[in-house]
file model_17.cif (mmCIF, C-alpha atoms)
data_protein
#
loop_
_atom_site.group_PDB
_atom_site.id
_atom_site.type_symbol
_atom_site.label_atom_id
_atom_site.label_comp_id
_atom_site.auth_asym_id
_atom_site.auth_seq_id
_atom_site.Cartn_x
_atom_site.Cartn_y
_atom_site.Cartn_z
ATOM 1 C CA MET R 1 174.912 -148.594 172.257
ATOM 2 C CA LEU R 2 173.586 -145.179 171.289
ATOM 3 C CA ASN R 3 173.707 -144.436 167.575
ATOM 4 C CA VAL R 4 175.117 -140.981 166.790
ATOM 5 C CA GLU R 5 174.840 -139.648 163.243
ATOM 6 C CA VAL R 6 177.259 -136.931 162.128
ATOM 7 C CA ILE R 7 175.290 -134.586 159.862
ATOM 8 C CA PRO R 8 175.462 -131.068 158.412
ATOM 9 C CA TYR R 9 172.977 -128.698 160.008
ATOM 10 C CA GLY R 10 172.389 -124.960 159.882
ATOM 11 C CA GLY R 11 175.668 -124.186 158.135
ATOM 12 C CA TRP R 12 177.825 -126.384 160.392
ATOM 13 C CA GLU R 13 179.377 -129.433 158.766
ATOM 14 C CA ARG R 14 179.563 -131.783 161.752
ATOM 15 C CA CYS R 15 176.571 -131.862 164.090
ATOM 16 C CA LEU R 16 175.594 -134.854 166.197
ATOM 17 C CA ARG R 17 172.098 -136.283 165.749
ATOM 18 C CA ILE R 18 170.548 -138.642 168.268
ATOM 19 C CA ARG R 19 166.973 -139.895 168.031
ATOM 20 C CA ASN R 20 164.402 -142.502 168.788
ATOM 21 C CA ARG R 21 161.440 -143.371 166.575
ATOM 22 C CA ARG R 22 159.701 -139.988 167.020
ATOM 23 C CA ILE R 23 161.996 -137.299 168.415
ATOM 24 C CA GLU R 24 165.497 -136.085 167.662
ATOM 25 C CA ALA R 25 168.145 -133.808 169.086
ATOM 26 C CA VAL R 26 170.927 -132.145 167.095
ATOM 27 C CA ILE R 27 174.008 -131.127 169.077
ATOM 28 C CA THR R 28 176.714 -128.904 167.622
ATOM 29 C CA SER R 29 180.309 -130.141 167.617
ATOM 30 C CA GLU R 30 182.014 -127.109 166.045
ATOM 31 C CA VAL R 31 180.734 -124.875 168.877
ATOM 32 C CA GLY R 32 179.168 -125.651 172.214
ATOM 33 C CA PRO R 33 178.200 -127.645 174.129
ATOM 34 C CA ARG R 34 174.808 -126.710 172.688
ATOM 35 C CA VAL R 35 171.626 -128.447 171.528
ATOM 36 C CA ILE R 36 170.662 -126.497 168.429
ATOM 37 C CA ARG R 37 167.549 -128.544 167.575
ATOM 38 C CA PHE R 38 165.024 -130.610 169.531
ATOM 39 C CA GLY R 39 161.735 -131.740 168.076
ATOM 40 C CA PHE R 40 159.673 -134.373 166.368
ATOM 41 C CA ILE R 41 161.436 -135.974 163.409
ATOM 42 C CA GLY R 42 160.366 -134.065 160.316
ATOM 43 C CA GLY R 43 158.701 -131.409 162.465
ATOM 44 C CA LEU R 44 159.507 -127.919 163.656
ATOM 45 C CA ASN R 45 162.414 -127.060 165.919
ATOM 46 C CA GLU R 46 161.118 -126.327 169.421
ATOM 47 C CA PHE R 47 164.146 -124.059 169.922
ATOM 48 C CA VAL R 48 164.879 -120.727 168.283
ATOM 49 C CA GLU R 49 167.664 -120.418 165.718
ATOM 50 C CA TYR R 50 169.330 -117.083 164.923
ATOM 51 C CA PRO R 51 169.951 -117.135 161.146
ATOM 52 C CA GLU R 52 172.713 -114.525 161.247
ATOM 53 C CA GLN R 53 174.757 -116.716 163.635
ATOM 54 C CA MET R 54 174.082 -120.206 162.293
ATOM 55 C CA GLY R 55 177.178 -121.967 160.981
ATOM 56 C CA LEU R 56 179.621 -119.539 162.586
ATOM 57 C CA SER R 57 182.516 -120.570 164.839
ATOM 58 C CA GLY R 58 185.685 -119.102 166.294
ATOM 59 C CA GLY R 59 186.398 -115.635 167.612
ATOM 60 C CA GLU R 60 186.165 -114.068 171.064
ATOM 61 C CA ALA R 61 182.738 -112.426 170.815
ATOM 62 C CA TYR R 62 179.858 -114.166 172.593
ATOM 63 C CA ARG R 63 177.131 -115.478 170.241
ATOM 64 C CA SER R 64 173.740 -116.696 171.341
ATOM 65 C CA TYR R 65 173.198 -119.046 168.321
ATOM 66 C CA GLY R 66 169.879 -120.279 169.776
ATOM 67 C CA GLY R 67 169.044 -123.748 171.073
ATOM 68 C CA HIS R 68 169.872 -124.955 174.591
ATOM 69 C CA ARG R 69 173.063 -123.934 176.369
ATOM 70 C CA LEU R 70 174.857 -124.137 179.708
ATOM 71 C CA TRP R 71 175.711 -120.922 181.518
ATOM 72 C CA VAL R 72 177.162 -119.945 184.889
ATOM 73 C CA ALA R 73 175.179 -118.015 187.512
ATOM 74 C CA PRO R 74 175.051 -115.474 189.097
ATOM 75 C CA GLU R 75 175.038 -113.503 185.849
ATOM 76 C CA ASP R 76 178.399 -111.880 185.227
ATOM 77 C CA ARG R 77 179.683 -110.141 182.103
ATOM 78 C CA ILE R 78 182.855 -112.253 181.992
ATOM 79 C CA ARG R 79 182.070 -115.585 183.641
ATOM 80 C CA THR R 80 178.540 -115.973 182.253
ATOM 81 C CA TYR R 81 179.215 -114.672 178.761
ATOM 82 C CA ALA R 82 182.328 -116.724 178.067
ATOM 83 C CA PRO R 83 181.980 -117.601 174.360
ATOM 84 C CA ASP R 84 181.356 -121.208 173.339
ATOM 85 C CA ASN R 85 182.695 -120.704 169.811
ATOM 86 C CA GLY R 86 185.227 -123.561 169.772
ATOM 87 C CA ALA R 87 184.971 -127.215 168.818
ATOM 88 C CA VAL R 88 183.952 -129.711 171.496
ATOM 89 C CA GLU R 89 185.121 -133.227 172.260
ATOM 90 C CA TRP R 90 182.470 -135.930 172.104
ATOM 91 C CA ARG R 91 182.242 -139.626 172.799
ATOM 92 C CA VAL R 92 179.615 -142.314 173.227
ATOM 93 C CA GLU R 93 179.540 -144.165 176.533
ATOM 94 C CA GLY R 94 177.010 -146.988 176.306
ATOM 95 C CA GLU R 95 173.622 -145.309 175.779
ATOM 96 C CA ALA R 96 174.915 -141.798 176.513
ATOM 97 C CA LEU R 97 176.530 -139.073 174.426
ATOM 98 C CA ARG R 98 179.020 -136.913 176.327
ATOM 99 C CA VAL R 99 179.988 -133.531 174.840
ATOM 100 C CA THR R 100 182.787 -131.521 176.491
ATOM 101 C CA ALA R 101 184.033 -128.017 175.717
ATOM 102 C CA PRO R 102 187.615 -126.818 176.106
ATOM 103 C CA THR R 103 188.564 -125.140 179.370
ATOM 104 C CA GLU R 104 187.612 -121.468 179.229
ATOM 105 C CA ARG R 105 190.714 -119.313 179.183
ATOM 106 C CA MET R 106 189.223 -116.439 181.190
ATOM 107 C CA THR R 107 187.381 -118.464 183.842
ATOM 108 C CA GLY R 108 189.205 -121.787 184.199
ATOM 109 C CA LEU R 109 185.844 -123.585 183.916
ATOM 110 C CA ARG R 110 185.091 -126.535 181.645
ATOM 111 C CA LYS R 111 181.500 -127.301 180.604
ATOM 112 C CA GLU R 112 180.017 -130.623 179.595
ATOM 113 C CA ILE R 113 176.561 -132.018 178.821
ATOM 114 C CA GLU R 114 175.673 -135.710 178.791
ATOM 115 C CA PHE R 115 172.578 -136.920 176.914
ATOM 116 C CA TRP R 116 170.380 -140.017 177.011
ATOM 117 C CA ILE R 117 167.364 -140.312 174.700
ATOM 118 C CA ASP R 118 164.710 -142.864 175.644
ATOM 119 C CA PRO R 119 164.190 -145.473 172.892
ATOM 120 C CA GLU R 120 160.432 -145.710 173.493
ATOM 121 C CA ILE R 121 159.203 -142.534 175.229
ATOM 122 C CA ASP R 122 159.555 -139.019 173.827
ATOM 123 C CA THR R 123 161.960 -137.875 176.521
ATOM 124 C CA MET R 124 165.639 -136.981 176.906
ATOM 125 C CA HIS R 125 167.762 -136.875 180.068
ATOM 126 C CA LEU R 126 170.553 -134.301 180.375
ATOM 127 C CA ILE R 127 173.310 -133.907 182.947
ATOM 128 C CA HIS R 128 175.058 -130.528 182.835
ATOM 129 C CA ARG R 129 178.523 -130.414 184.391
ATOM 130 C CA ILE R 130 180.904 -127.578 185.208
ATOM 131 C CA ARG R 131 184.433 -128.505 186.290
ATOM 132 C CA ASN R 132 186.747 -126.023 188.000
ATOM 133 C CA CYS R 133 190.055 -126.431 186.160
ATOM 134 C CA GLY R 134 191.463 -123.275 187.726
ATOM 135 C CA SER R 135 193.612 -122.744 190.790
ATOM 136 C CA THR R 136 191.097 -120.916 193.019
ATOM 137 C CA SER R 137 187.666 -121.769 194.389
ATOM 138 C CA VAL R 138 184.562 -120.120 192.915
ATOM 139 C CA GLU R 139 180.966 -119.989 194.163
ATOM 140 C CA ILE R 140 178.688 -120.586 191.192
ATOM 141 C CA ALA R 141 175.525 -122.323 190.047
ATOM 142 C CA ALA R 142 174.899 -124.248 186.850
ATOM 143 C CA TRP R 143 172.355 -122.456 184.684
ATOM 144 C CA ALA R 144 170.583 -124.424 181.914
ATOM 145 C CA LEU R 145 168.733 -122.313 179.340
ATOM 146 C CA SER R 146 166.328 -123.691 176.734
ATOM 147 C CA VAL R 147 165.709 -120.895 174.230
ATOM 148 C CA MET R 148 162.300 -121.568 172.723
ATOM 149 C CA ALA R 149 161.010 -120.668 169.262
ATOM 150 C CA PRO R 150 158.700 -117.659 169.081
ATOM 151 C CA GLY R 151 154.926 -117.719 169.194
ATOM 152 C CA GLY R 152 154.238 -119.890 172.254
ATOM 153 C CA LYS R 153 153.594 -119.413 175.948
ATOM 154 C CA VAL R 154 155.249 -120.696 179.100
ATOM 155 C CA LEU R 155 153.320 -122.404 181.887
ATOM 156 C CA ILE R 156 154.804 -122.004 185.371
ATOM 157 C CA PRO R 157 153.201 -123.953 188.223
ATOM 158 C CA GLN R 158 151.954 -122.128 191.279
ATOM 159 C CA GLU R 159 152.169 -123.678 194.727
ATOM 160 C CA PRO R 160 149.018 -125.465 195.944
ATOM 161 C CA PHE R 161 146.423 -123.006 197.205
ATOM 162 C CA ILE R 162 145.835 -123.125 200.972
ATOM 163 C CA PRO R 163 143.406 -120.581 202.453
ATOM 164 C CA HIS R 164 144.141 -118.222 205.298
ATOM 165 C CA PRO R 165 144.399 -118.852 208.231
ATOM 166 C CA ASP R 166 145.232 -122.514 207.473
ATOM 167 C CA ALA R 167 148.530 -121.315 205.982
ATOM 168 C CA LEU R 168 150.322 -118.492 207.795
ATOM 169 C CA LEU R 169 153.817 -118.723 206.269
ATOM 170 C CA PRO R 170 154.825 -117.896 202.670
ATOM 171 C CA SER R 171 155.067 -120.772 200.196
ATOM 172 C CA ARG R 172 157.939 -119.523 198.004
ATOM 173 C CA PRO R 173 159.649 -116.401 196.626
ATOM 174 C CA ILE R 174 158.820 -114.866 193.248
ATOM 175 C CA VAL R 175 161.633 -112.588 192.072
ATOM 176 C CA LEU R 176 161.267 -109.538 189.826
ATOM 177 C CA TRP R 177 163.818 -107.703 187.699
ATOM 178 C CA SER R 178 163.925 -103.930 187.298
ATOM 179 C CA TYR R 179 162.350 -104.280 183.828
ATOM 180 C CA THR R 180 159.597 -106.710 184.902
ATOM 181 C CA ASP R 181 156.194 -105.136 184.236
ATOM 182 C CA MET R 182 153.448 -107.109 185.966
ATOM 183 C CA THR R 183 150.816 -105.148 184.018
ATOM 184 C CA ASP R 184 152.186 -106.295 180.643
ATOM 185 C CA PRO R 185 149.360 -108.146 178.826
ATOM 186 C CA ARG R 186 151.675 -111.073 178.029
ATOM 187 C CA TRP R 187 151.395 -112.131 181.687
ATOM 188 C CA ILE R 188 148.499 -114.090 183.183
ATOM 189 C CA TRP R 189 148.824 -114.339 186.975
ATOM 190 C CA GLY R 190 146.565 -117.276 187.780
ATOM 191 C CA LYS R 191 145.681 -119.309 190.839
ATOM 192 C CA GLU R 192 147.341 -122.495 189.573
ATOM 193 C CA LEU R 193 149.631 -121.177 186.822
ATOM 194 C CA ILE R 194 151.663 -118.158 185.873
ATOM 195 C CA GLN R 195 151.574 -117.795 182.088
ATOM 196 C CA LEU R 196 153.783 -115.647 179.875
ATOM 197 C CA SER R 197 153.265 -115.416 176.116
ATOM 198 C CA GLN R 198 156.059 -114.810 173.624
ATOM 199 C CA ASP R 199 155.033 -112.009 171.267
ATOM 200 C CA PRO R 200 157.279 -111.159 168.268
ATOM 201 C CA ALA R 201 155.593 -107.751 168.130
ATOM 202 C CA SER R 202 156.586 -106.795 171.683
ATOM 203 C CA ALA R 203 160.179 -105.659 172.137
ATOM 204 C CA ARG R 204 160.003 -105.089 175.900
ATOM 205 C CA PRO R 205 161.873 -107.848 177.784
ATOM 206 C CA GLN R 206 160.151 -109.555 180.726
ATOM 207 C CA LYS R 207 161.608 -111.845 183.388
ATOM 208 C CA ILE R 208 160.763 -113.521 186.680
ATOM 209 C CA GLY R 209 162.516 -116.030 188.910
ATOM 210 C CA LEU R 210 161.059 -118.354 191.513
ATOM 211 C CA LEU R 211 161.828 -121.187 193.870
ATOM 212 C CA ASN R 212 160.190 -123.821 191.693
ATOM 213 C CA LYS R 213 159.309 -126.524 194.211
ATOM 214 C CA ARG R 214 156.932 -128.139 191.715
ATOM 215 C CA GLY R 215 159.973 -128.927 189.566
ATOM 216 C CA TRP R 216 158.681 -128.351 186.032
ATOM 217 C CA LEU R 217 158.278 -125.707 183.345
ATOM 218 C CA ALA R 218 156.346 -126.112 180.083
ATOM 219 C CA TYR R 219 156.151 -124.256 176.771
ATOM 220 C CA ALA R 220 153.114 -124.622 174.513
ATOM 221 C CA ASN R 221 153.595 -123.719 170.849
ATOM 222 C CA GLY R 222 150.888 -124.625 168.366
ATOM 223 C CA GLU R 223 149.678 -128.109 169.339
ATOM 224 C CA ARG R 224 153.062 -129.097 170.800
ATOM 225 C CA LEU R 225 154.108 -128.981 174.438
ATOM 226 C CA PHE R 226 157.748 -129.020 175.568
ATOM 227 C CA LEU R 227 158.073 -129.804 179.271
ATOM 228 C CA LYS R 228 161.218 -130.057 181.341
ATOM 229 C CA THR R 229 161.699 -131.157 184.917
ATOM 230 C CA HIS R 230 164.413 -130.369 187.437
ATOM 231 C CA ALA R 231 164.970 -130.911 191.130
ATOM 232 C CA THR R 232 164.742 -128.032 193.616
ATOM 233 C CA LYS R 233 166.359 -128.371 197.041
ATOM 234 C CA VAL R 234 164.134 -126.227 199.227
ATOM 235 C CA ASP R 235 166.766 -125.647 201.931
ATOM 236 C CA ALA R 236 169.605 -124.830 199.510
ATOM 237 C CA ALA R 237 170.859 -121.367 198.561
ATOM 238 C CA TYR R 238 170.057 -120.375 194.972
ATOM 239 C CA PRO R 239 171.140 -117.337 192.954
ATOM 240 C CA ASP R 240 168.926 -114.317 192.337
ATOM 241 C CA TYR R 241 167.175 -114.186 195.730
ATOM 242 C CA GLY R 242 166.475 -117.913 195.767
ATOM 243 C CA SER R 243 165.528 -118.703 192.148
ATOM 244 C CA SER R 244 165.774 -122.323 191.018
ATOM 245 C CA ALA R 245 163.931 -121.458 187.789
ATOM 246 C CA GLU R 246 163.652 -118.322 185.678
ATOM 247 C CA VAL R 247 161.738 -117.264 182.563
ATOM 248 C CA PHE R 248 162.805 -114.514 180.166
ATOM 249 C CA THR R 249 161.281 -113.273 176.915
ATOM 250 C CA ASN R 250 161.887 -110.639 174.264
ATOM 251 C CA ALA R 251 160.689 -110.176 170.695
ATOM 252 C CA ARG R 252 162.757 -113.085 169.337
ATOM 253 C CA MET R 253 162.343 -115.917 171.830
ATOM 254 C CA LEU R 254 161.398 -117.141 175.304
ATOM 255 C CA GLU R 255 163.824 -118.867 177.671
ATOM 256 C CA LEU R 256 163.048 -121.667 180.131
ATOM 257 C CA GLU R 257 165.894 -121.535 182.654
ATOM 258 C CA THR R 258 166.717 -123.854 185.536
ATOM 259 C CA LEU R 259 169.506 -123.434 188.080
ATOM 260 C CA SER R 260 171.427 -125.571 190.514
ATOM 261 C CA PRO R 261 172.101 -124.443 194.091
ATOM 262 C CA LEU R 262 175.041 -122.125 194.621
ATOM 263 C CA THR R 263 178.115 -124.299 195.169
ATOM 264 C CA LEU R 264 181.620 -123.463 196.347
ATOM 265 C CA LEU R 265 183.556 -125.243 193.613
ATOM 266 C CA VAL R 266 187.119 -125.969 194.698
ATOM 267 C CA PRO R 267 189.832 -126.641 192.093
ATOM 268 C CA GLY R 268 189.208 -130.003 190.415
ATOM 269 C CA ALA R 269 185.604 -130.300 191.646
ATOM 270 C CA VAL R 270 182.586 -130.820 189.385
ATOM 271 C CA LEU R 271 179.090 -129.327 189.709
ATOM 272 C CA GLU R 272 176.175 -131.307 188.210
ATOM 273 C CA HIS R 273 172.666 -130.212 187.261
ATOM 274 C CA GLU R 274 170.050 -132.533 185.703
ATOM 275 C CA GLU R 275 167.023 -131.965 183.517
ATOM 276 C CA HIS R 276 164.517 -134.287 181.846
ATOM 277 C CA TRP R 277 162.816 -133.122 178.643
ATOM 278 C CA PHE R 278 159.436 -134.355 177.372
ATOM 279 C CA LEU R 279 157.728 -133.534 174.082
ATOM 280 C CA TYR R 280 154.002 -133.999 173.405
ATOM 281 C CA GLY R 281 152.078 -133.552 170.170
ATOM 282 C CA GLY R 282 148.392 -133.000 169.462
ATOM 283 C CA VAL R 283 147.985 -130.895 172.601
ATOM 284 C CA ARG R 284 144.998 -128.547 172.792
ATOM 285 C CA LEU R 285 145.250 -126.673 176.051
ATOM 286 C CA GLY R 286 142.011 -124.708 175.920
ATOM 287 C CA GLY R 287 141.451 -121.087 176.812
ATOM 288 C CA ASP R 288 141.031 -120.655 180.549
ATOM 289 C CA GLU R 289 143.229 -121.883 183.380
ATOM 290 C CA ALA R 290 140.915 -124.732 184.356
ATOM 291 C CA ALA R 291 141.026 -126.127 180.806
ATOM 292 C CA VAL R 292 144.810 -125.798 180.684
ATOM 293 C CA MET R 293 145.166 -127.652 183.984
ATOM 294 C CA ARG R 294 142.881 -130.454 182.769
ATOM 295 C CA SER R 295 145.007 -130.846 179.648
ATOM 296 C CA LEU R 296 148.230 -130.865 181.652
ATOM 297 C CA SER R 297 146.840 -133.438 184.085
ATOM 298 C CA ALA R 298 145.817 -135.705 181.204
ATOM 299 C CA ILE R 299 149.247 -135.386 179.569
ATOM 300 C CA ARG R 300 151.186 -136.114 182.756
ATOM 301 C CA SER R 301 148.975 -138.936 184.065
#
call {"tool": "encode", "arguments": {"input": "model_17.cif", "output": "structure tokens"}}
result
Amino acid sequence: MLNVEVIPYGGWERCLRIRNRRIEAVITSEVGPRVIRFGFIGGLNEFVEYPEQMGLSGGEAYRSYGGHRLWVAPEDRIRTYAPDNGAVEWRVEGEALRVTAPTERMTGLRKEIEFWIDPEIDTMHLIHRIRNCGSTSVEIAAWALSVMAPGGKVLIPQEPFIPHPDALLPSRPIVLWSYTDMTDPRWIWGKELIQLSQDPASARPQKIGLLNKRGWLAYANGERLFLKTHATKVDAAYPDYGSSAEVFTNARMLELETLSPLTLLVPGAVLEHEEHWFLYGGVRLGGDEAAVMRSLSAIRS
């Protein structure tokens, strides 16, 4: 059975710590569901923490807190930004920890995340769930956001290169926001990767979305690499012009976001969205794209 330690963390009195021999996750129980810390034991938090919000709970105002959270897409000022400021229920089921929030008063939705941490490999499996506890159907997608600590860069896989005229049809959409600046020096638009650096000195937000058929996103920070995988159903309808993954940055953080297909959720139904997280240490990616790809291939082999 999974061992869950109840510990103080970041100003909260009762957080839930799960771990194996090398990595740990800390999940809040006084707010959430939210993973506030993920990293090597004794090492840095891969996620950002907002000091002015740590330890707070209660109230109707939305707080970002930091960490990893579950949202609802398409983005909406009421449904998406429903505050997660209340205590959650939690229980251990075999090797899994299940954390469930109260039903949201304004939306009728109830969010839950289930966690498994591998005893031998530095990986964690998450299932995000949204249950419609209301009386009317809603069309939504689950939206899982990992809010990374500053100073790193995201690696987004491109589709395999096929020359013209061997390939005549497009391979996938890449979606831009009105504030996306493709000339911003934080972007590197490569043949095999799209890279976006987080820069604490740059206040201009940047964002893209894409149909991520390769099914992974990675964030390199120092000599650590956080990688998460998710499934993309190519024929399904996704929010934001077909985005199954999105990346956003500002001066404080960078978000790795994955989305489920849009689903008509009838009363009582549950929407599920899975991710797998991996954490690697001692990673030296190199400077150019070819070196980065060699490092990634060695890590994932």
call {"tool": "atom_distance", "arguments": {"input": "model_17.cif", "atom1": "CA of Ala141 (chain R)", "atom2": "CA of Val4 (chain R)"}}
result
29.8 Å
call {"tool": "closest_residue", "arguments": {"input": "model_17.cif", "among": "R:Pro261, R:Pro102, R:Pro205, R:Pro119", "to": "Gly86 (chain R)", "atoms": "only C-alpha atoms"}}
result
R:Pro102
call {"tool": "residues_around", "arguments": {"input": "model_17.cif", "residues": "Tyr280 (chain R)", "least_positions_apart": "3", "cutoff": "12 Å", "atoms": "only C-alpha atoms", "output": "MDAnalysis selection string"}}
result
chainID R and resid 22:23 39:40 46 121:123 218:228 277 283:285 295:296 298:300
call {"tool": "atom_distance", "arguments": {"input": "model_17.cif", "atom1": "CA of Arg19 (chain R)", "atom2": "CA of Ile156 (chain R)"}}
result
27.7 Å
call {"tool": "resolve_selection", "arguments": {"input": "model_17.cif", "expression": "the PyMOL selection byres ((chain R and resi 53) around 10)", "output": "ChimeraX atom specification"}}
result
/R:10-11,49-52,54-57,63-66
call {"tool": "write_last_selection", "arguments": {"input": "model_17.cif", "atoms": "C-alpha atoms", "output": "compact mmCIF listing (two decimals), in the coordinates of the input"}}
result
# COMPACT_ATOMS: atom_id res chain seq x y z
CA GLY R 10 172.39 -124.96 159.88
CA GLY R 11 175.67 -124.19 158.14
CA GLU R 49 167.66 -120.42 165.72
CA TYR R 50 169.33 -117.08 164.92
CA PRO R 51 169.95 -117.14 161.15
CA GLU R 52 172.71 -114.52 161.25
CA MET R 54 174.08 -120.21 162.29
CA GLY R 55 177.18 -121.97 160.98
CA LEU R 56 179.62 -119.54 162.59
CA SER R 57 182.52 -120.57 164.84
CA ARG R 63 177.13 -115.48 170.24
CA SER R 64 173.74 -116.70 171.34
CA TYR R 65 173.20 -119.05 168.32
CA GLY R 66 169.88 -120.28 169.78
call {"tool": "closest_residue", "arguments": {"input": "model_17.cif", "among": "R:Pro173, R:Gly281, R:Gly59, R:Pro185", "to": "Gly209 (chain R)", "atoms": "only C-alpha atoms"}}
result
R:Pro173
call {"tool": "atom_distance", "arguments": {"input": "model_17.cif", "atom1": "CA of Thr136 (chain R)", "atom2": "CA of Thr100 (chain R)"}}
result
21.3 Å
call {"tool": "closest_residue", "arguments": {"input": "model_17.cif", "among": "R:Ile36, R:Leu169, R:Val92, R:Ala142", "to": "Lys111 (chain R)", "atoms": "all atoms listed in the file"}}
result
R:Ala142
call {"tool": "resolve_selection", "arguments": {"input": "model_17.cif", "expression": "the PyMOL selection byres ((chain R and resi 260) around 12)", "output": "PyMOL selection string"}}
result
chain R and resi 70-74+127-130+139-145+211-212+215+230-234+236-240+242-246+257-259+261-264+271-275
call {"tool": "closest_residue", "arguments": {"input": "model_17.cif", "among": "R:Met124, R:Lys153, R:Thr180, R:Arg294", "to": "Thr229 (chain R)", "atoms": "all atoms listed in the file"}}
result
R:Met124
call {"tool": "closest_residue", "arguments": {"input": "model_17.cif", "among": "R:Leu217, R:Met253, R:Val154, R:Met106", "to": "Pro200 (chain R)", "atoms": "only C-alpha atoms"}}
result
R:Met253
call {"tool": "closest_residue", "arguments": {"input": "model_17.cif", "among": "R:Thr107, R:Arg79, R:Val147, R:Ser135", "to": "Asn45 (chain R)", "atoms": "all atoms listed in the file"}}
result
R:Val147
call {"tool": "resolve_selection", "arguments": {"input": "model_17.cif", "expression": "the PyMOL selection byres ((chain R and resi 158) around 7)", "output": "number ranges by chain"}}
result
R: 156-157, 159-160, 191-194
call {"tool": "axis_aligned_box", "arguments": {"input": "model_17.cif", "around": "region 98-109 of chain R", "padding_each_side": "5 Å", "output": "lines of an AutoDock Vina configuration file"}}
result
center_x = 184.9
center_y = -126.7
center_z = 179.5
size_x = 21.7
size_y = 30.5
size_z = 19.4
call {"tool": "residues_around", "arguments": {"input": "model_17.cif", "residues": "Arg14 (chain R)", "least_positions_apart": "2", "cutoff": "8 Å", "atoms": "all atoms listed in the file", "output": "list in words"}}
result
Val6, Ile7, Pro8, Tyr9, Trp12, Leu16, Thr28, Ser29 and Glu30 of chain R
call {"tool": "residues_around", "arguments": {"input": "model_17.cif", "residues": "Val247 (chain R)", "least_positions_apart": "6", "cutoff": "8 Å", "atoms": "only C-alpha atoms", "output": "PDB file with C-alpha atoms, in the coordinates of the input"}}
result
ATOM      1  CA  LYS R 207     161.608-111.845 183.388  1.00  0.00           C
ATOM      2  CA  ILE R 208     160.763-113.521 186.680  1.00  0.00           C
ATOM      3  CA  GLY R 209     162.516-116.030 188.910  1.00  0.00           C
ATOM      4  CA  LEU R 254     161.398-117.141 175.304  1.00  0.00           C
ATOM      5  CA  GLU R 255     163.824-118.867 177.671  1.00  0.00           C
ATOM      6  CA  LEU R 256     163.048-121.667 180.131  1.00  0.00           C
ATOM      7  CA  GLU R 257     165.894-121.535 182.654  1.00  0.00           C
TER       8      GLU R 257
END
call {"tool": "residues_around", "arguments": {"input": "model_17.cif", "residues": "Ala251 (chain R)", "least_positions_apart": "5", "cutoff": "10 Å", "atoms": "all atoms listed in the file", "output": "JSON, numbers by chain"}}
result
{"R": [150, 151, 198, 199, 200, 201, 202, 203, 204, 205]}
call {"tool": "write_last_selection", "arguments": {"input": "model_17.cif", "atoms": "C-alpha atoms", "output": "PDB file, in the coordinates of the input"}}
result
ATOM      1  CA  PRO R 150     158.700-117.659 169.081  1.00  0.00           C
ATOM      2  CA  GLY R 151     154.926-117.719 169.194  1.00  0.00           C
ATOM      3  CA  GLN R 198     156.059-114.810 173.624  1.00  0.00           C
ATOM      4  CA  ASP R 199     155.033-112.009 171.267  1.00  0.00           C
ATOM      5  CA  PRO R 200     157.279-111.159 168.268  1.00  0.00           C
ATOM      6  CA  ALA R 201     155.593-107.751 168.130  1.00  0.00           C
ATOM      7  CA  SER R 202     156.586-106.795 171.683  1.00  0.00           C
ATOM      8  CA  ALA R 203     160.179-105.659 172.137  1.00  0.00           C
ATOM      9  CA  ARG R 204     160.003-105.089 175.900  1.00  0.00           C
ATOM     10  CA  PRO R 205     161.873-107.848 177.784  1.00  0.00           C
TER      11      PRO R 205
END
call {"tool": "build_atoms", "arguments": {"input": "model_17.cif", "residues": "region 261-270 of chain R", "atoms": "N, CA and C atoms", "output": "PDB file, keeping the file's coordinate frame"}}
result
ATOM      1  N   PRO R 261     171.718-125.263 192.935  1.00  0.00           N
ATOM      2  CA  PRO R 261     172.101-124.443 194.091  1.00  0.00           C
ATOM      3  C   PRO R 261     173.480-123.823 193.911  1.00  0.00           C
ATOM      4  N   LEU R 262     173.698-122.702 194.567  1.00  0.00           N
ATOM      5  CA  LEU R 262     175.041-122.125 194.621  1.00  0.00           C
ATOM      6  C   LEU R 262     175.986-123.108 195.295  1.00  0.00           C
ATOM      7  N   THR R 263     177.157-123.296 194.696  1.00  0.00           N
ATOM      8  CA  THR R 263     178.115-124.299 195.169  1.00  0.00           C
ATOM      9  C   THR R 263     179.505-123.693 195.195  1.00  0.00           C
ATOM     10  N   LEU R 264     180.221-123.863 196.294  1.00  0.00           N
ATOM     11  CA  LEU R 264     181.620-123.463 196.347  1.00  0.00           C
ATOM     12  C   LEU R 264     182.424-124.551 195.647  1.00  0.00           C
ATOM     13  N   LEU R 265     182.885-124.254 194.454  1.00  0.00           N
ATOM     14  CA  LEU R 265     183.556-125.243 193.613  1.00  0.00           C
ATOM     15  C   LEU R 265     185.065-125.075 193.768  1.00  0.00           C
ATOM     16  N   VAL R 266     185.674-126.016 194.477  1.00  0.00           N
ATOM     17  CA  VAL R 266     187.119-125.969 194.698  1.00  0.00           C
ATOM     18  C   VAL R 266     187.826-126.468 193.437  1.00  0.00           C
ATOM     19  N   PRO R 267     189.110-126.162 193.273  1.00  0.00           N
ATOM     20  CA  PRO R 267     189.832-126.641 192.093  1.00  0.00           C
ATOM     21  C   PRO R 267     189.712-128.163 191.933  1.00  0.00           C
ATOM     22  N   GLY R 268     189.362-128.584 190.727  1.00  0.00           N
ATOM     23  CA  GLY R 268     189.208-130.003 190.415  1.00  0.00           C
ATOM     24  C   GLY R 268     187.815-130.552 190.644  1.00  0.00           C
ATOM     25  N   ALA R 269     186.950-129.807 191.341  1.00  0.00           N
ATOM     26  CA  ALA R 269     185.604-130.300 191.646  1.00  0.00           C
ATOM     27  C   ALA R 269     184.666-130.091 190.465  1.00  0.00           C
ATOM     28  N   VAL R 270     183.569-130.856 190.470  1.00  0.00           N
ATOM     29  CA  VAL R 270     182.586-130.820 189.385  1.00  0.00           C
ATOM     30  C   VAL R 270     181.200-130.546 189.973  1.00  0.00           C
TER      31      VAL R 270
END
